[in-house]
file start_2.cif (mmCIF, C-alpha atoms)
data_model
loop_
_atom_site.group_PDB
_atom_site.id
_atom_site.type_symbol
_atom_site.label_atom_id
_atom_site.label_comp_id
_atom_site.auth_asym_id
_atom_site.auth_seq_id
_atom_site.Cartn_x
_atom_site.Cartn_y
_atom_site.Cartn_z
ATOM 1 C CA MET A 64 94.340 16.517 71.906
ATOM 2 C CA SER A 65 92.097 18.700 69.769
ATOM 3 C CA GLY A 66 89.173 17.337 67.785
ATOM 4 C CA GLN A 67 91.094 18.091 64.614
ATOM 5 C CA GLN A 68 94.073 16.023 65.760
ATOM 6 C CA ALA A 69 91.798 13.174 66.873
ATOM 7 C CA VAL A 70 90.039 12.922 63.501
ATOM 8 C CA GLN A 71 93.240 13.102 61.474
ATOM 9 C CA ALA A 72 95.075 10.567 63.676
ATOM 10 C CA ALA A 73 92.129 8.139 63.599
ATOM 11 C CA ALA A 74 91.922 8.382 59.803
ATOM 12 C CA VAL A 75 95.679 7.849 59.374
ATOM 13 C CA THR A 76 95.561 4.786 61.650
ATOM 14 C CA ALA A 77 92.525 3.318 59.873
ATOM 15 C CA LEU A 78 94.089 3.842 56.447
ATOM 16 C CA ARG A 79 97.473 2.407 57.419
ATOM 17 C CA THR A 80 95.686 -0.716 58.646
ATOM 18 C CA ALA A 81 93.492 -1.007 55.537
ATOM 19 C CA LEU A 82 96.166 -0.183 52.938
ATOM 20 C CA GLY A 83 99.043 -2.205 54.366
ATOM 21 C CA ALA A 84 102.238 -1.410 52.460
ATOM 22 C CA VAL A 85 100.987 1.901 50.992
ATOM 23 C CA ALA A 86 102.558 4.949 52.675
ATOM 24 C CA VAL A 87 99.980 7.126 54.494
ATOM 25 C CA PHE A 88 101.002 10.643 55.562
ATOM 26 C CA ASP A 89 99.358 13.374 57.660
ATOM 27 C CA ALA A 90 100.948 16.074 55.483
ATOM 28 C CA PRO A 91 102.209 16.150 51.894
ATOM 29 C CA PRO A 92 105.566 14.348 51.840
ATOM 30 C CA VAL A 93 108.632 16.240 50.700
ATOM 31 C CA ARG A 94 110.276 13.221 49.079
ATOM 32 C CA ALA A 95 107.957 10.350 48.274
ATOM 33 C CA ALA A 96 107.456 8.513 45.043
ATOM 34 C CA PRO A 97 103.832 8.366 43.923
ATOM 35 C CA ARG A 98 101.678 5.610 45.330
ATOM 36 C CA TYR A 99 101.011 7.260 48.610
ATOM 37 C CA VAL A 100 98.039 8.668 50.530
ATOM 38 C CA VAL A 101 97.706 12.016 52.331
ATOM 39 C CA VAL A 102 95.142 12.762 55.048
ATOM 40 C CA ASP A 103 94.674 16.528 55.225
ATOM 41 C CA PRO A 104 93.861 18.192 58.561
ATOM 42 C CA PRO A 105 90.063 18.367 58.764
ATOM 43 C CA LEU A 106 88.163 21.639 58.674
ATOM 44 C CA LEU A 107 85.831 21.545 61.701
ATOM 45 C CA ILE A 108 83.108 23.796 63.083
ATOM 46 C CA ASP A 109 81.327 23.759 66.446
ATOM 47 C CA TRP A 110 78.637 21.109 66.909
ATOM 48 C CA SER A 111 78.259 21.315 70.704
ATOM 49 C CA THR A 112 75.399 21.203 73.191
ATOM 50 C CA LYS A 113 75.332 22.161 76.856
ATOM 51 C CA ASP A 114 76.375 18.627 77.876
ATOM 52 C CA TRP A 115 79.173 17.842 75.422
ATOM 53 C CA ARG A 116 81.613 19.410 73.016
ATOM 54 C CA GLY A 117 81.134 18.480 69.402
ATOM 55 C CA ARG A 118 82.681 19.182 66.043
ATOM 56 C CA GLU A 119 81.409 18.684 62.513
ATOM 57 C CA GLY A 120 83.394 19.142 59.354
ATOM 58 C CA ARG A 121 85.131 17.860 56.268
ATOM 59 C CA LEU A 122 88.003 15.425 56.007
ATOM 60 C CA VAL A 123 89.856 15.109 52.700
ATOM 61 C CA VAL A 124 91.944 12.056 51.808
ATOM 62 C CA SER A 125 93.992 12.018 48.596
ATOM 63 C CA ALA A 126 95.885 9.180 46.931
ATOM 64 C CA PHE A 127 98.559 9.728 44.279
ATOM 65 C CA ASP A 128 99.968 7.470 41.556
ATOM 66 C CA ARG A 129 101.820 7.582 38.246
ATOM 67 C CA GLY A 130 101.024 5.855 34.993
ATOM 68 C CA GLU A 131 98.896 6.011 31.888
ATOM 69 C CA ARG A 132 95.706 4.881 33.622
ATOM 70 C CA PRO A 133 94.387 5.202 37.183
ATOM 71 C CA ALA A 134 93.615 1.484 37.673
ATOM 72 C CA TRP A 135 95.344 1.253 41.054
ATOM 73 C CA LEU A 136 93.643 4.437 42.270
ATOM 74 C CA ARG A 137 90.207 3.023 41.473
ATOM 75 C CA GLU A 138 90.854 0.147 43.849
ATOM 76 C CA VAL A 139 92.458 2.323 46.513
ATOM 77 C CA ALA A 140 89.619 4.880 46.427
ATOM 78 C CA GLY A 141 87.158 2.151 47.401
ATOM 79 C CA THR A 142 89.399 0.964 50.221
ATOM 80 C CA ILE A 143 89.815 4.548 51.478
ATOM 81 C CA GLU A 144 86.048 5.056 51.555
ATOM 82 C CA GLU A 145 85.455 1.820 53.469
ATOM 83 C CA ALA A 146 88.267 2.460 55.954
ATOM 84 C CA VAL A 147 87.273 6.039 56.818
ATOM 85 C CA GLU A 148 83.572 5.217 57.128
ATOM 86 C CA ALA A 149 84.470 2.294 59.430
ATOM 87 C CA MET A 150 86.732 4.259 61.788
ATOM 88 C CA PRO A 151 86.207 3.028 65.360
ATOM 89 C CA PRO A 152 84.035 5.256 67.565
ATOM 90 C CA ASP A 153 86.761 5.773 70.191
ATOM 91 C CA MET A 154 89.236 8.268 68.715
ATOM 92 C CA GLY A 155 91.286 8.831 71.854
ATOM 93 C CA ASP A 156 91.421 11.539 74.532
ATOM 94 C CA GLY A 157 87.664 11.250 75.066
ATOM 95 C CA TRP A 158 86.693 12.061 71.462
ATOM 96 C CA ARG A 159 84.098 9.774 69.852
ATOM 97 C CA CYS A 160 83.178 9.513 66.183
ATOM 98 C CA VAL A 161 79.436 9.781 65.588
ATOM 99 C CA SER A 162 79.634 9.433 61.819
ATOM 100 C CA ALA A 163 81.962 9.595 58.836
ATOM 101 C CA ARG A 164 80.154 9.698 55.482
ATOM 102 C CA LEU A 165 81.475 10.083 51.963
ATOM 103 C CA VAL A 166 80.370 13.349 50.350
ATOM 104 C CA ARG A 167 82.190 13.085 47.033
ATOM 105 C CA SER A 168 85.124 11.457 45.340
ATOM 106 C CA ARG A 169 87.010 12.051 42.135
ATOM 107 C CA ILE A 170 89.915 10.656 40.161
ATOM 108 C CA ALA A 171 91.689 13.130 37.867
ATOM 109 C CA ARG A 172 94.998 13.757 36.162
ATOM 110 C CA ALA A 173 97.458 15.716 38.282
ATOM 111 C CA GLY A 174 100.145 16.217 35.642
ATOM 112 C CA ASP A 175 101.559 14.458 32.603
ATOM 113 C CA ASP A 176 101.697 10.965 34.031
ATOM 114 C CA ARG A 177 100.333 11.600 37.527
ATOM 115 C CA TRP A 178 96.873 10.843 38.887
ATOM 116 C CA ALA A 179 95.091 11.874 42.079
ATOM 117 C CA ALA A 180 92.072 10.296 43.746
ATOM 118 C CA THR A 181 90.370 12.588 46.246
ATOM 119 C CA SER A 182 87.670 11.525 48.704
ATOM 120 C CA GLU A 183 85.871 14.045 50.899
ATOM 121 C CA PHE A 184 83.975 13.002 54.022
ATOM 122 C CA THR A 185 81.647 14.690 56.483
ATOM 123 C CA VAL A 186 82.670 13.791 60.023
ATOM 124 C CA ARG A 187 80.884 14.371 63.315
ATOM 125 C CA ILE A 188 82.634 13.885 66.635
ATOM 126 C CA TYR A 189 81.935 14.709 70.263
ATOM 127 C CA ARG A 190 83.560 14.672 73.706
ATOM 128 C CA GLU A 191 81.530 14.595 76.887
ATOM 129 C CA SER A 192 82.150 17.531 79.191
ATOM 130 C CA VAL A 193 83.877 16.649 82.441
#

call {"tool": "encode", "arguments": {"input": "start_2.cif", "output": "structure tokens"}}
result
Amino acid sequence: MSGQQAVQAAAVTALRTALGAVAVFDAPPVRAAPRYVVVDPPLLIDWSTKDWRGREGRLVVSAFDRGERPAWLREVAGTIEEAVEAMPPDMGDGWRCVSARLVRSRIARAGDDRWAATSEFTVRIYRESV
């Protein structure tokens, strides 16, 4: 499993646990009614040393809803931030999360009656060389 896959899978798992009945996808759904969350594949760069392989990058999580006001998204954005920052260190296949920190978040209109909440995180992961 690549570092990119490990980060995305760990985030999807953490968000599904934290959000319960809300649908969480690892790619934009083709047919889903708003009130869902999408975890984009992270953009990672090398963060290695001679003893272990590391990656550092950005993870973007977006939540979508419909309505006149983004009340639900305000609550969900907070839950997303807490869940991603609390991802367990063991991400599978030897990858370990060093840190996941919120960089920025925003709630904005995404159409006539659609809203999007976007949270961007800096993530650092590593895997010991074997």

call {"tool": "atom_distance", "arguments": {"input": "start_2.cif", "atom1": "CA of Ala126 (chain A)", "atom2": "CA of Pro151 (chain A)"}}
result
21.7 Å

call {"tool": "closest_residue", "arguments": {"input": "start_2.cif", "among": "A:Arg169, A:Arg79, A:Arg164, A:Arg177", "to": "Ser125 (chain A)", "atoms": "all atoms listed in the file"}}
result
A:Arg169

call {"tool": "closest_residue", "arguments": {"input": "start_2.cif", "among": "A:Gly66, A:Gly83, A:Gly155, A:Pro104", "to": "Ile143 (chain A)", "atoms": "all atoms listed in the file"}}
result
A:Gly83

call {"tool": "residues_near_point", "arguments": {"input": "start_2.cif", "point": "(93.5, 5.6, 35.0)", "cutoff": "9 Å", "atoms": "all atoms listed in the file", "output": "MDAnalysis selection string"}}
result
chainID A and resid 130:137 170:172 178

call {"tool": "closest_residue", "arguments": {"input": "start_2.cif", "among": "A:Pro105, A:Gly117, A:Gly157, A:Pro91", "to": "Thr185 (chain A)", "atoms": "all atoms listed in the file"}}
result
A:Pro105

call {"tool": "atom_distance", "arguments": {"input": "start_2.cif", "atom1": "CA of Ala96 (chain A)", "atom2": "CA of Thr142 (chain A)"}}
result
20.2 Å

call {"tool": "residues_around", "arguments": {"input": "start_2.cif", "residues": "Arg167 (chain A)", "least_positions_apart": "5", "cutoff": "9 Å", "atoms": "all atoms listed in the file", "output": "ChimeraX atom specification"}}
result
/A:181-184
